[in-house]
Amino acid sequence: MDKLMKNTSYIILIFLLIAGMLILYNAPNQKIKEVPLSELVTQINENKVKKIEVDGTNLKIELQDGTKEKAAKEMQSSLGETLNGYGVDKNKLRAVDVKIKQPSVAMTWAGIILPFLLPFLLIAGFIWFMMRQAQRGNSQALSFGLSKARMLNPKDKKRRLTFKDVAGNKEAKEEMQEFVDFLRHPQKFLKMGARIPKGMLLLGPPGTGKTLMAKAIAGEANVPFFNISGSEFVEMFVGVGASRVRDLFKQAKKNAPSIIFIDEIDAVGRHRGAGLGGGHDEREQTLNQILVEMDGFETDTNVIVIAATNRPDVLDPALLRPGRFDRRITLDLPDIKDREAILEIHAKNKPLAKNVNLKIIAQRTPGFSGADLANLLNEAAILAARKGKRVVHMEELIEAIEKVLLGPERKSAGMNKEEKKIVAYHEAGHALIGAILPEADPIQKVSIISRGRAGGYTLAVPEKDIHLHSKLYFQSEMAVLLGGYVAEKEIFGEEKLTTGASNDLERATHMARDLVTRYGMSSLGPRTFGKKEELIFLGKEINEEKDYAESTAEKIDQEVSRFIQEAEEKAIRILKEKMSILEKLAQTLLKKETIEKEEFDQIVFGENEQEENLEEKKNNSEIKK
């Protein structure tokens, strides 16, 4: 009803605007004087009138001097009869150019019929408008249960993707090639008695390219691609999701061979029996229909269902059994070679400077997904455009990495001199311990410029991708995390410790607890403690089940404290031995605000080499003596 009133208001407003424009268009530029017939006769007798135009009862008068006037006569009599009654001089009237304008037949009939017809036209238009709105509402109601899947036509070359357009995940592509062969040449497999796989489940963290890979399969097989999200099945009305599932599979079978891609299937595919609605829950109805449709395929129906999720642990077991999702393919975060290939793909439409080395960018971005790398190049292009450059340089790419990791610079974040000094020593403590301990990640950059919520930051990036970490690595990383806390404590005293180390302490404690409870790297032996479960009754909730006694819990706390204490002692020992380097790093940060890797290595390792040379000279002189 609100929409109807709104549309009616628009129609009335448009009508008024058109009427106003017509009135303004037809309005005369200057006001014409209306004269009585007696005055007109006087003007004719005085030879002042040049022309008279008769339009019904209206008289348009033009005088000899160009002035225009108007008058009105009686309807029943002619102009001559009317003027004779007022005593016009006939000879003078013959000198006037009299023109009689004949009324058009259409206008005459319109003047007669329109006053009667117009109300009926308005009523008929209103009825037509109401019926059109009702028909539209009925069509929307009928289409409510239809699928909202978007079909990607294989003939659309601009939007078509192939495996060449998706870098990385070589093993996953090889596995997916079988599905492409099934879609291209199904008879080859049917003759061998092989059953066409019905479903493929793509697993992996967000941004690893699950949707792109599914589109690439459709592009390689050159088949229609139906794309829908799991949440698009679910509505507030029970049964709508199941109806949409039926319609989606009906469309896919009609366009077979084809691919159905359900993104975020965990929205409808969670464990049944966990919802509040029991068997009548809308999600369960939708999931049941998906299970029925996938199990109801004929053996020669070459429609493949591909689903994607980053939460396979919450899916219903019926979805994962053979005959439904036959294959599970994991898409991992890209390694250094894959990251370089992904960067090259996303850099094709961006002008890069000659000094850009994408291999270095790949080395500095461990843990980045494909989406993160695409965002990195986009941020670098934005930074270059903001600076007025025509090409993207290496410095924009490096800055974009820090922006993606930590957020934009906050140079306006007001820190007084005392706070700036504390941050400088804090970050210098992190960086120095990270540089001294060989097991820790190499330091790439140190800065006291605020980014995001951090007052300063130390960028440490491993030189190569590491999948397995040792106990010594975790102990070194804990010492690095406590480096800022220890530096503040040693330089400014325990009374002046700040809240800047809160996140470092939290991460170090979490790492120490994992060493004890998850990795079996403590004196408590090779076992895990505690079992984490996700409760999906009322949404996401993590619950940790204690499978150990209270006395063991006390030992766990003691082991965690021991790891933290050892890391603190290691950090204190290093900083006391390298106090001169710590001072130099802090002073350099206060002066320049940022120290890059080359300058950092020169400050730390250059002074170390000088100390080693002096020690060696001292030892040699003592030996000679």
# chains A, B, ... in the order shown; residues from 1 in each chain; ligands from 1
$ residues_around --residues "A:Ala487" --least-positions-apart "5" --cutoff "10 Å" --atoms "only C-alpha atoms" --output "list in words"
Ile422, Val423, Ala424, Tyr425, His426, Glu427, Ala428, Gly429, His430, Leu482, Phe492, Gly493, Leu497, Ala571, Ile572, Leu575, Lys576, Met579 and Leu582 of chain A
$ residues_around --residues "A:Thr509" --least-positions-apart "4" --cutoff "9 Å" --atoms "only C-alpha atoms" --output "MDAnalysis selection string"
chainID A and resid 478 504:505 513:514 560:561 563:564
$ residues_around --residues "stretch 195-205 of chain A" --least-positions-apart "2" --cutoff "8 Å" --atoms "only C-alpha atoms" --output "NGL selection string"
:A and (179 or 182 or 186 or 189-190 or 193 or 207-208 or 210 or 294 or 299-300 or 302-312 or 323-333)
$ write_last_selection --atoms "C-alpha atoms" --output "mmCIF file, in the first residue's frame"
data_model
loop_
_atom_site.group_PDB
_atom_site.id
_atom_site.type_symbol
_atom_site.label_atom_id
_atom_site.label_comp_id
_atom_site.auth_asym_id
_atom_site.auth_seq_id
_atom_site.Cartn_x
_atom_site.Cartn_y
_atom_site.Cartn_z
ATOM 1 C CA PHE A 179 35.856 -33.421 -12.863
ATOM 2 C CA PHE A 182 33.835 -36.145 -16.442
ATOM 3 C CA PRO A 186 31.171 -38.650 -19.525
ATOM 4 C CA PHE A 189 33.947 -43.203 -17.794
ATOM 5 C CA LEU A 190 30.469 -44.752 -18.029
ATOM 6 C CA GLY A 193 31.526 -48.788 -15.222
ATOM 7 C CA GLY A 207 40.463 -15.827 0.569
ATOM 8 C CA THR A 208 42.247 -18.919 -0.778
ATOM 9 C CA LYS A 210 37.537 -21.501 -3.532
ATOM 10 C CA MET A 294 22.015 -35.262 -4.666
ATOM 11 C CA THR A 299 23.788 -42.413 -13.023
ATOM 12 C CA ASP A 300 24.116 -40.662 -16.372
ATOM 13 C CA ASN A 302 26.384 -35.144 -15.476
ATOM 14 C CA VAL A 303 25.583 -32.353 -13.034
ATOM 15 C CA ILE A 304 28.292 -31.782 -10.429
ATOM 16 C CA VAL A 305 27.714 -29.958 -7.159
ATOM 17 C CA ILE A 306 30.645 -27.990 -5.763
ATOM 18 C CA ALA A 307 30.412 -26.560 -2.270
ATOM 19 C CA ALA A 308 32.829 -24.345 -0.364
ATOM 20 C CA THR A 309 33.328 -23.813 3.347
ATOM 21 C CA ASN A 310 36.042 -22.941 5.840
ATOM 22 C CA ARG A 311 34.231 -24.819 8.621
ATOM 23 C CA PRO A 312 34.038 -28.502 7.588
ATOM 24 C CA GLY A 323 27.638 -40.630 -2.946
ATOM 25 C CA ARG A 324 27.112 -37.034 -1.899
ATOM 26 C CA PHE A 325 30.357 -35.056 -1.694
ATOM 27 C CA ASP A 326 32.703 -37.712 -3.031
ATOM 28 C CA ARG A 327 35.813 -35.559 -3.063
ATOM 29 C CA ARG A 328 37.235 -33.139 -0.541
ATOM 30 C CA ILE A 329 39.904 -30.781 -1.828
ATOM 31 C CA THR A 330 41.819 -28.528 0.518
ATOM 32 C CA LEU A 331 43.045 -25.169 -0.754
ATOM 33 C CA ASP A 332 45.930 -24.065 1.444
ATOM 34 C CA LEU A 333 47.455 -20.632 1.850
#
$ closest_residue --among "A:Gly230, A:Gly87, A:Pro462, A:Pro119" --to "A:Thr42" --atoms "only C-alpha atoms"
A:Gly87
$ residues_around --residues "A:Val35" --least-positions-apart "2" --cutoff "8 Å" --atoms "only C-alpha atoms" --output "CSV table (one decimal) with N, CA and C atoms, in the first residue's frame"
chain,number,residue,atom,x,y,z
A,33,LYS,N,-3.5,44.6,-23.7
A,33,LYS,CA,-4.6,45.4,-23.2
A,33,LYS,C,-6.0,45.0,-23.9
A,37,LEU,N,-15.6,47.4,-27.4
A,37,LEU,CA,-15.9,47.5,-28.8
A,37,LEU,C,-16.1,49.0,-29.2
A,39,GLU,N,-14.5,51.5,-28.2
A,39,GLU,CA,-13.2,52.1,-28.4
A,39,GLU,C,-12.5,51.6,-29.7
A,40,LEU,N,-12.8,50.2,-30.0
A,40,LEU,CA,-12.3,49.7,-31.2
A,40,LEU,C,-12.9,50.4,-32.4
A,69,GLU,N,-3.8,44.7,-29.1
A,69,GLU,CA,-4.9,44.7,-28.2
A,69,GLU,C,-5.8,43.5,-28.4
A,70,LYS,N,-6.8,43.4,-27.5
A,70,LYS,CA,-7.8,42.3,-27.7
A,70,LYS,C,-9.2,42.9,-27.3
A,71,ALA,N,-10.2,42.2,-27.9
A,71,ALA,CA,-11.5,42.6,-27.5
A,71,ALA,C,-12.4,41.3,-27.7
$ select_by_dssp --residues "stretch 205-250 of chain A" --states "strand (DSSP E or B)" --output "list in words"
Phe225, Phe226, Asn227, Ile228 and Ser229 of chain A
$ write_last_selection --atoms "C-alpha atoms" --output "compact mmCIF listing (two decimals), in the first residue's frame"
# COMPACT_ATOMS: atom_id res chain seq x y z
CA PHE A 225 27.87 -22.41 -13.84
CA PHE A 226 25.10 -21.85 -11.28
CA ASN A 227 26.37 -19.79 -8.34
CA ILE A 228 24.42 -19.39 -5.09
CA SER A 229 25.24 -18.78 -1.44
$ residues_around --residues "A:Asn349" --least-positions-apart "3" --cutoff "12 Å" --atoms "only C-alpha atoms" --output "ChimeraX atom specification"
/A:343-346,352,374,377-378,381,391-392
$ atom_distance --atom1 "atom CA of A:Lys570" --atom2 "atom CA of A:Ala479"
6.5 Å
$ atom_distance --atom1 "atom CA of A:Arg94" --atom2 "atom CA of A:Glu34"
22.7 Å
$ atom_distance --atom1 "atom CA of A:Ile217" --atom2 "atom CA of A:Phe163"
7.4 Å
$ residues_around --residues "A:Leu63" --least-positions-apart "4" --cutoff "8 Å" --atoms "only C-alpha atoms" --output "list in words"
Lys48, Val49, Lys50, Lys51, Thr67, Lys68 and Glu69 of chain A
$ closest_residue --among "A:Met75, A:Ile466, A:Val404, A:Leu291" --to "A:Gln363" --atoms "only C-alpha atoms"
A:Ile466
$ select_by_dssp --residues "stretch 149-339 of chain A" --states "helix (DSSP H, G or I)" --output "PyMOL selection string"
chain A and resi 163-165+170-184+186-190+210-221+230-232+240-254+265-267+278-280+282-295+312-314+317-320+336-339
$ closest_residue --among "A:Ile52, A:Val314, A:Ile259, A:Ala194" --to "A:His271" --atoms "only C-alpha atoms"
A:Val314
